[in-house]
>>> print(open('final16.cif').read())   # mmCIF, C-alpha atoms and all ligand atoms
data_target
#
loop_
_atom_site.label_atom_id
_atom_site.label_comp_id
_atom_site.auth_asym_id
_atom_site.auth_seq_id
_atom_site.Cartn_x
_atom_site.Cartn_y
_atom_site.Cartn_z
CA MET A 1 -12.36 6.62 -15.00
CA ASN A 2 -12.89 2.93 -14.83
CA HIS A 3 -16.65 2.65 -15.37
CA ALA A 4 -16.64 -1.11 -15.34
CA MET A 5 -19.61 -2.30 -13.30
CA PRO A 6 -18.52 -3.81 -9.97
CA PRO A 7 -18.72 -7.58 -10.37
CA ASP A 8 -21.77 -9.24 -8.88
CA LEU A 9 -21.07 -10.36 -5.31
CA ALA A 10 -22.97 -13.61 -5.88
CA ALA A 11 -20.80 -14.39 -8.90
CA LEU A 12 -17.61 -13.58 -6.95
CA ASN A 13 -18.70 -15.83 -4.09
CA THR A 14 -19.65 -18.64 -6.44
CA ARG A 15 -16.30 -18.57 -8.21
CA PHE A 16 -13.83 -17.52 -5.52
CA ALA A 17 -15.25 -17.87 -1.98
CA ILE A 18 -13.53 -20.32 0.39
CA PRO A 19 -16.15 -21.63 2.83
CA GLY A 20 -15.44 -20.58 6.37
CA ARG A 21 -12.38 -18.56 5.31
CA LEU A 22 -13.13 -16.07 2.53
CA ARG A 23 -16.32 -14.40 1.29
CA PHE A 24 -17.10 -11.27 -0.70
CA MET A 25 -19.17 -8.41 0.63
CA ASP A 26 -19.95 -4.78 -0.14
CA CYS A 27 -17.41 -2.41 1.44
CA GLY A 28 -19.55 0.61 0.67
CA ALA A 29 -21.10 2.16 -2.42
CA GLY A 30 -21.46 -1.29 -3.99
CA LEU A 31 -17.68 -1.82 -4.06
CA PRO A 32 -16.74 -5.49 -3.55
CA MET A 33 -14.30 -6.58 -0.87
CA ALA A 34 -12.81 -9.90 0.18
CA ASP A 35 -13.53 -10.56 3.87
CA ILE A 36 -11.06 -13.10 5.29
CA HIS A 37 -11.32 -14.91 8.63
CA THR A 38 -8.93 -17.73 9.52
CA PRO A 39 -7.41 -19.09 12.77
CA LEU A 40 -4.22 -17.24 11.75
CA ALA A 41 -5.60 -13.78 10.96
CA THR A 42 -8.40 -11.64 9.62
CA ALA A 43 -8.06 -9.29 6.65
CA ARG A 44 -10.03 -7.28 4.10
CA VAL A 45 -9.05 -6.56 0.50
CA ALA A 46 -11.04 -4.20 -1.74
CA LEU A 47 -11.19 -4.99 -5.46
CA GLN A 48 -11.07 -1.28 -6.18
CA GLY A 49 -7.38 -0.52 -6.21
CA ALA A 50 -6.53 -4.07 -5.05
CA GLN A 51 -6.27 -2.32 -1.70
CA VAL A 52 -5.62 -4.27 1.48
CA LEU A 53 -7.80 -2.41 3.98
CA ALA A 54 -7.20 -4.44 7.14
CA TRP A 55 -4.94 -7.15 8.56
CA ARG A 56 -5.00 -8.48 12.10
CA PRO A 57 -3.02 -11.58 13.10
CA ASP A 58 -4.82 -13.64 15.75
CA GLY A 59 -4.31 -12.20 19.25
CA VAL A 60 -2.81 -8.93 17.92
CA ALA A 61 -4.29 -5.43 17.64
CA PRO A 62 -5.01 -4.28 14.05
CA VAL A 63 -1.74 -3.69 12.21
CA LEU A 64 -3.07 -1.46 9.41
CA TRP A 65 -4.67 1.94 9.94
CA LEU A 66 -7.84 3.00 8.14
CA SER A 67 -9.09 6.56 8.45
CA GLY A 68 -12.31 6.98 10.40
CA ALA A 69 -13.27 9.45 7.68
CA ALA A 70 -12.30 7.25 4.74
CA VAL A 71 -14.65 7.60 1.77
CA PHE A 72 -15.74 4.51 -0.15
CA ALA A 73 -16.93 5.56 -3.58
CA PRO A 74 -16.21 4.48 -7.17
CA GLY A 75 -13.03 6.14 -8.38
CA LYS A 76 -12.14 7.59 -4.95
CA ALA A 77 -8.86 6.72 -3.22
CA VAL A 78 -9.43 5.24 0.25
CA ARG A 79 -7.31 6.72 3.06
CA GLY A 80 -5.55 3.88 4.79
CA GLY A 81 -4.60 0.24 4.41
CA ILE A 82 -2.13 -0.32 1.57
CA PRO A 83 -2.81 1.84 -1.51
CA VAL A 84 -1.04 0.62 -4.66
CA CYS A 85 0.73 3.56 -6.29
CA TRP A 86 1.57 2.83 -9.94
CA PRO A 87 2.82 3.71 -12.60
CA TRP A 88 4.07 6.77 -10.79
CA PHE A 89 4.76 7.56 -7.13
CA GLY A 90 4.30 11.20 -6.10
CA ASP A 91 2.67 14.07 -7.93
CA ARG A 92 2.30 14.37 -11.72
CA PRO A 93 1.01 17.77 -12.85
CA GLY A 94 -2.49 17.48 -14.21
CA GLN A 95 -2.72 13.78 -13.42
CA GLY A 96 -2.67 13.74 -9.63
CA GLN A 97 -0.76 11.79 -7.04
CA HIS A 98 0.40 8.20 -7.05
CA GLY A 99 -0.81 6.98 -10.44
CA PHE A 100 -4.22 5.74 -11.51
CA VAL A 101 -4.51 2.08 -10.45
CA ARG A 102 -5.59 2.68 -6.84
CA THR A 103 -8.97 4.00 -8.02
CA ARG A 104 -9.69 1.39 -10.69
CA LEU A 105 -11.60 -1.84 -10.30
CA TRP A 106 -9.19 -4.78 -10.53
CA GLU A 107 -10.29 -8.26 -11.57
CA LEU A 108 -10.03 -11.12 -9.14
CA ARG A 109 -7.94 -13.85 -10.75
CA HIS A 110 -7.38 -16.50 -8.07
CA THR A 111 -8.03 -17.41 -4.44
CA SER A 112 -6.74 -20.40 -2.49
CA LEU A 113 -6.05 -21.77 0.99
CA ASP A 114 -2.65 -23.39 1.48
CA VAL A 115 -1.59 -26.24 3.76
CA HIS A 116 -0.38 -23.76 6.36
CA GLY A 117 -3.82 -22.14 6.57
CA GLN A 118 -2.77 -18.98 4.68
CA VAL A 119 -5.21 -17.39 2.23
CA HIS A 120 -3.87 -16.33 -1.18
CA LEU A 121 -5.51 -13.81 -3.51
CA SER A 122 -4.40 -12.61 -6.94
CA LEU A 123 -5.87 -9.48 -8.46
CA GLY A 124 -5.03 -8.10 -11.90
CA LEU A 125 -5.37 -5.04 -14.07
CA GLN A 126 -4.57 -4.58 -17.75
CA ASP A 127 -4.37 -1.54 -19.97
CA ASP A 128 -7.48 -0.30 -21.74
CA VAL A 129 -8.56 2.75 -23.68
CA ALA A 130 -8.94 4.79 -20.47
CA THR A 131 -5.52 3.88 -19.05
CA ARG A 132 -3.81 4.49 -22.37
CA ALA A 133 -5.30 7.97 -22.38
CA LEU A 134 -3.46 8.53 -19.08
CA TRP A 135 -0.34 6.47 -19.80
CA ASP A 136 0.10 5.23 -23.34
CA HIS A 137 1.49 1.76 -22.63
CA ALA A 138 0.32 -1.85 -22.65
CA PHE A 139 0.76 -3.68 -19.35
CA ASP A 140 -0.45 -6.44 -17.10
CA LEU A 141 -0.30 -5.61 -13.40
CA GLU A 142 -0.88 -8.27 -10.76
CA LEU A 143 -0.99 -8.08 -6.97
CA ARG A 144 -0.61 -11.29 -4.99
CA VAL A 145 -1.64 -11.11 -1.34
CA THR A 146 -0.83 -13.82 1.24
CA VAL A 147 -2.72 -13.54 4.53
CA GLY A 148 -1.51 -15.39 7.64
CA THR A 149 0.46 -14.55 10.78
CA THR A 150 2.51 -12.50 8.33
CA LEU A 151 1.17 -10.44 5.42
CA THR A 152 2.93 -10.51 2.07
CA LEU A 153 2.19 -8.43 -1.03
CA GLN A 154 3.90 -8.85 -4.39
CA LEU A 155 3.17 -6.36 -7.17
CA THR A 156 4.30 -7.63 -10.58
CA THR A 157 4.49 -5.47 -13.69
CA ARG A 158 4.53 -7.33 -17.01
CA ASN A 159 5.34 -5.39 -20.14
CA THR A 160 2.91 -6.70 -22.75
CA GLY A 161 3.77 -3.99 -25.24
CA THR A 162 6.57 -3.21 -27.66
CA GLN A 163 8.05 -0.20 -25.84
CA ALA A 164 10.07 -0.20 -22.62
CA LEU A 165 8.02 0.80 -19.57
CA THR A 166 9.53 3.41 -17.23
CA LEU A 167 7.76 3.69 -13.92
CA THR A 168 7.89 4.45 -10.21
CA GLU A 169 5.69 2.65 -7.67
CA ALA A 170 4.83 2.13 -4.02
CA LEU A 171 2.99 -0.13 -1.63
CA HIS A 172 1.91 2.82 0.47
CA THR A 173 1.26 1.15 3.82
CA TYR A 174 -0.54 2.94 6.67
CA PHE A 175 0.40 1.28 9.96
CA SER A 176 -1.68 1.59 13.13
CA VAL A 177 0.28 2.78 16.18
CA GLY A 178 -0.83 3.65 19.72
CA ASP A 179 0.80 7.09 19.75
CA ILE A 180 2.99 8.58 17.01
CA ARG A 181 4.94 10.54 19.62
CA GLN A 182 6.03 7.23 21.20
CA THR A 183 6.75 5.57 17.88
CA THR A 184 10.17 5.19 16.23
CA VAL A 185 11.27 3.64 12.95
CA HIS A 186 14.54 1.67 12.91
CA GLY A 187 16.64 0.41 10.01
CA LEU A 188 17.40 3.69 8.26
CA ASP A 189 20.35 4.89 10.37
CA GLY A 190 22.94 6.51 8.10
CA THR A 191 20.62 6.35 5.07
CA ARG A 192 20.38 9.38 2.84
CA TYR A 193 16.93 10.82 2.25
CA LEU A 194 15.12 13.49 0.25
CA ASP A 195 13.06 15.73 2.52
CA LYS A 196 9.78 16.59 0.78
CA LEU A 197 9.15 19.33 3.32
CA GLN A 198 12.39 21.02 2.26
CA GLY A 199 11.78 20.80 -1.48
CA PHE A 200 13.32 17.30 -1.57
CA ALA A 201 16.61 18.65 -0.23
CA PRO A 202 19.08 15.82 0.49
CA SER A 203 19.80 14.88 4.10
CA GLN A 204 20.94 11.89 6.13
CA GLN A 205 19.27 9.89 8.90
CA HIS A 206 21.01 9.64 12.25
CA GLY A 207 19.64 6.89 14.48
CA PRO A 208 15.96 5.92 14.54
CA VAL A 209 13.28 8.15 12.99
CA HIS A 210 11.38 10.04 15.70
CA PHE A 211 8.19 12.03 15.09
CA THR A 212 7.80 15.57 16.43
CA GLY A 213 6.03 17.15 13.47
CA GLU A 214 5.04 16.60 9.82
CA THR A 215 7.48 14.09 8.37
CA ASP A 216 7.72 13.23 4.66
CA ARG A 217 10.98 11.62 3.55
CA VAL A 218 12.13 9.45 0.65
CA TYR A 219 15.01 7.31 1.94
CA THR A 220 17.06 6.11 -0.98
CA PRO A 221 18.94 4.02 -1.82
CA THR A 222 17.91 1.46 0.77
CA THR A 223 16.90 -2.18 0.60
CA ALA A 224 16.90 -2.56 4.38
CA ASP A 225 14.16 -4.02 6.55
CA CYS A 226 12.52 -1.47 8.84
CA VAL A 227 11.15 -1.99 12.34
CA ILE A 228 8.34 0.20 13.64
CA ASP A 229 8.64 0.32 17.43
CA ASP A 230 5.05 0.93 18.52
CA ALA A 231 6.00 1.49 22.16
CA ASP A 232 2.52 2.53 23.28
CA GLN A 233 1.09 -0.84 22.18
CA LYS A 234 4.23 -2.69 23.25
CA ARG A 235 4.90 -4.25 19.85
CA ARG A 236 7.36 -4.08 16.97
CA ILE A 237 6.24 -4.35 13.35
CA THR A 238 8.89 -5.53 10.89
CA LEU A 239 8.71 -4.49 7.23
CA ALA A 240 10.84 -6.57 4.86
CA LYS A 241 11.00 -5.79 1.14
CA THR A 242 12.20 -7.10 -2.23
CA GLY A 243 12.65 -5.28 -5.52
CA SER A 244 12.63 -1.90 -3.77
CA GLN A 245 15.36 0.73 -3.63
CA ALA A 246 13.51 3.30 -1.50
CA THR A 247 11.50 3.58 1.69
CA VAL A 248 9.16 6.49 2.40
CA VAL A 249 8.28 7.60 5.94
CA TRP A 250 5.30 9.92 6.32
CA ASN A 251 3.10 11.43 8.98
CA PRO A 252 0.98 14.49 8.15
CA TRP A 253 0.82 15.82 11.72
CA VAL A 254 -1.69 18.46 12.81
CA ASP A 255 -1.69 21.10 10.09
CA LYS A 256 -1.46 18.84 7.02
CA GLU A 257 -4.16 16.63 8.53
CA LYS A 258 -6.55 19.60 8.57
CA THR A 259 -6.20 19.86 4.77
CA MET A 260 -7.35 16.28 4.28
CA ALA A 261 -11.13 15.81 4.32
CA ASP A 262 -10.75 12.04 4.69
CA MET A 263 -8.74 12.26 7.91
CA ALA A 264 -10.66 12.68 11.15
CA PRO A 265 -9.25 15.23 13.63
CA GLY A 266 -6.37 13.69 15.59
CA GLY A 267 -6.12 10.69 13.28
CA TYR A 268 -2.44 11.46 12.65
CA GLN A 269 -1.65 10.40 16.22
CA ARG A 270 -2.53 6.78 15.52
CA MET A 271 -0.82 6.19 12.19
CA VAL A 272 2.52 6.14 10.41
CA CYS A 273 3.26 5.38 6.78
CA VAL A 274 6.35 3.31 6.07
CA GLU A 275 6.21 2.59 2.37
CA THR A 276 7.90 0.07 0.07
CA VAL A 277 8.88 2.18 -2.91
CA ASN A 278 10.75 2.68 -6.13
CA ALA A 279 10.90 6.43 -6.68
CA ALA A 280 13.13 8.92 -8.46
CA PRO A 281 16.04 8.69 -8.94
CA HIS A 282 15.54 4.90 -8.82
CA VAL A 283 13.14 4.58 -11.72
CA ILE A 284 12.16 1.09 -12.88
CA THR A 285 12.51 0.16 -16.56
CA VAL A 286 10.78 -2.99 -17.85
CA ALA A 287 11.73 -4.15 -21.36
CA PRO A 288 9.07 -5.46 -23.76
CA GLY A 289 8.09 -8.99 -22.67
CA ALA A 290 9.93 -8.64 -19.35
CA GLN A 291 8.57 -8.27 -15.81
CA HIS A 292 9.50 -6.65 -12.49
CA SER A 293 8.20 -7.38 -8.97
CA LEU A 294 7.99 -5.20 -5.87
CA GLY A 295 7.39 -7.14 -2.68
CA THR A 296 6.89 -6.55 1.03
CA THR A 297 6.20 -8.72 4.08
CA PHE A 298 4.98 -7.57 7.50
CA SER A 299 5.34 -9.41 10.80
CA VAL A 300 4.51 -8.42 14.37
CA ALA A 301 6.37 -9.21 17.61
CA VAL A 302 4.64 -8.43 20.92
O1 LIG B 401 3.93 8.89 0.57
C1 LIG B 401 3.86 10.16 1.19
C2 LIG B 401 2.98 11.07 0.33
O2 LIG B 401 3.56 11.26 -0.94
C3 LIG B 401 2.76 12.37 1.08
O3 LIG B 401 3.49 13.43 0.51
C4 LIG B 401 1.25 12.57 1.01
O4 LIG B 401 0.91 13.26 -0.17
C5 LIG B 401 0.80 11.10 1.03
O5 LIG B 401 1.69 10.47 0.13
C6 LIG B 401 -0.66 10.85 0.74
O6 LIG B 401 -0.93 11.02 -0.61
P1 LIG B 401 -2.48 10.86 -1.08
O7 LIG B 401 -2.47 11.14 -2.54
O8 LIG B 401 -2.90 9.45 -0.76
O9 LIG B 401 -3.25 11.84 -0.26
#
>>> encode(input="final16.cif", output="structure tokens")
Amino acid sequence: MNHAMPPDLAALNTRFAIPGRLRFMDCGAGLPMADIHTPLATARVALQGAQVLAWRPDGVAPVLWLSGAAVFAPGKAVRGGIPVCWPWFGDRPGQGQHGFVRTRLWELRHTSLDVHGQVHLSLGLQDDVATRALWDHAFDLELRVTVGTTLTLQLTTRNTGTQALTLTEALHTYFSVGDIRQTTVHGLDGTRYLDKLQGFAPSQQHGPVHFTGETDRVYTPTTADCVIDDADQKRRITLAKTGSQATVVWNPWVDKEKTMADMAPGGYQRMVCVETVNAAPHVITVAPGAQHSLGTTFSVAV
């Protein structure tokens, strides 16, 4: 595990705070988090996992969902926001789900405020002895976050080694909705998908995605934008993406939720995951010295 000591909040604020816009605070268990407040939006970004935990454009209800039972602890994945899944998406026997970077402490590399009033953060992670024990490759991974009336994330993999990198990845976004039963996801009509609940059996989407039970689907190939129609809250959330060949749609529903200690009872009713992904069979290969970026931008119309 990444036993690096969390950076000192005072040092983070001295180097990277933006007066009146961005400060660093403890998000629990001594884990540092960027707390952002601007006229455009508020947001929170944890340095552990480079995980966006919250985003709320001015005048809009929170767009990201965070479990009421989320656990903040060193090395523990936090249920909600936008987990970064890398260098694998999905399960890997003996090594767990969704890679190892979402539970490691990333370094803060840059913060700034642009002329439009958007806040920019860059967080980075490089290989070390511990990561090479899990995945024997050299890499530099960087997440750039842009916070404004839209939210943009760009995850860039740089191959700093001498061997090609082969990876899958996801920006595993948990969206907040008023009622999953009144929520639909548009943009995937006619798209083929692998149904995890049917052993990844192939199927095809007809019309919008409706939710009447546990749903866990890898739509691929697709580069399409998706629109989450959050009818209960009378809003539509648009997800645009770059560098992504797959979109995952997930809701655990009642029974799966009961198996998850970090989901409060009934939490499934107020969330849906629509994820920006590169997953099998669309595996990413990055040649030595090359780079690849996965990007996504969210906007809300009320
Ligand atoms: O992206 C959907 C999924 O792969 C589901 O199958 C479920 O496992 C979810 O991710 C959450 O995974 P986690 O490891 O965060 O509990």
>>> residues_near_ligand(input="final16.cif", ligand="ligand LIG 401 (chain B)", cutoff="8 Å", atoms="only C-alpha atoms and all ligand atoms", output="VMD selection string")
chain A and resid 77 to 79 83 89 to 91 96 to 98 172 196 216 to 217 248 to 252 260 273 275
>>> closest_residue(input="final16.cif", among="A:Gln154, A:Thr247, A:Thr111, A:Thr223", to="Tyr193 in chain A", atoms="only C-alpha atoms")
A:Thr247
>>> residues_near_point(input="final16.cif", point="(0.4, 6.4, 12.4)", cutoff="6 Å", atoms="only C-alpha atoms", output="number ranges by chain")
A: 175-177, 180, 268-272
>>> residues_around(input="final16.cif", residues="Val71 in chain A", least_positions_apart="2", cutoff="10 Å", atoms="all atoms listed in the file", output="PDB file with C-alpha atoms, keeping the file's coordinate frame")
ATOM      1  CA  GLY A  28     -19.550   0.610   0.670  1.00  0.00           C
ATOM      2  CA  ALA A  29     -21.100   2.160  -2.420  1.00  0.00           C
ATOM      3  CA  SER A  67      -9.090   6.560   8.450  1.00  0.00           C
ATOM      4  CA  GLY A  68     -12.310   6.980  10.400  1.00  0.00           C
ATOM      5  CA  ALA A  69     -13.270   9.450   7.680  1.00  0.00           C
ATOM      6  CA  ALA A  73     -16.930   5.560  -3.580  1.00  0.00           C
ATOM      7  CA  PRO A  74     -16.210   4.480  -7.170  1.00  0.00           C
ATOM      8  CA  LYS A  76     -12.140   7.590  -4.950  1.00  0.00           C
ATOM      9  CA  ALA A  77      -8.860   6.720  -3.220  1.00  0.00           C
ATOM     10  CA  VAL A  78      -9.430   5.240   0.250  1.00  0.00           C
ATOM     11  CA  ARG A  79      -7.310   6.720   3.060  1.00  0.00           C
ATOM     12  CA  ALA A 261     -11.130  15.810   4.320  1.00  0.00           C
ATOM     13  CA  ASP A 262     -10.750  12.040   4.690  1.00  0.00           C
ATOM     14  CA  MET A 263      -8.740  12.260   7.910  1.00  0.00           C
TER      15      MET A 263
END
>>> closest_residue(input="final16.cif", among="A:Thr38, A:Leu108, A:Gly267, A:Asn278", to="Ala11 in chain A", atoms="only C-alpha atoms")
A:Leu108
>>> closest_residue(input="final16.cif", among="A:Ile36, A:Val286, A:Val218, A:Val274", to="Gly81 in chain A", atoms="only C-alpha atoms")
A:Val274
>>> closest_residue(input="final16.cif", among="A:Ala287, A:Ile237, A:Leu194, A:Leu105", to="Leu165 in chain A", atoms="all atoms listed in the file")
A:Ala287
>>> axis_aligned_box(input="final16.cif", around="range 213-232 of chain A", padding_each_side="3 Å", output="AutoDock Vina command-line options")
--center_x 10.7 --center_y 6.6 --center_z 10.7 --size_x 22.4 --size_y 27.2 --size_z 31.1
>>> closest_residue(input="final16.cif", among="A:Trp86, A:Glu107, A:Phe72, A:Ala61", to="Pro7 in chain A", atoms="only C-alpha atoms")
A:Glu107
>>> atom_distance(input="final16.cif", atom1="CA of Leu155 in chain A", atom2="CA of Leu143 in chain A")
4.5 Å
>>> atom_distance(input="final16.cif", atom1="CA of Gln48 in chain A", atom2="CA of Thr103 in chain A")
6.0 Å
>>> closest_residue(input="final16.cif", among="A:Thr212, A:Gln198, A:Thr259, A:Thr152", to="Thr276 in chain A", atoms="only C-alpha atoms")
A:Thr152
>>> atom_distance(input="final16.cif", atom1="CA of Lys241 in chain A", atom2="CA of Glu257 in chain A")
28.1 Å
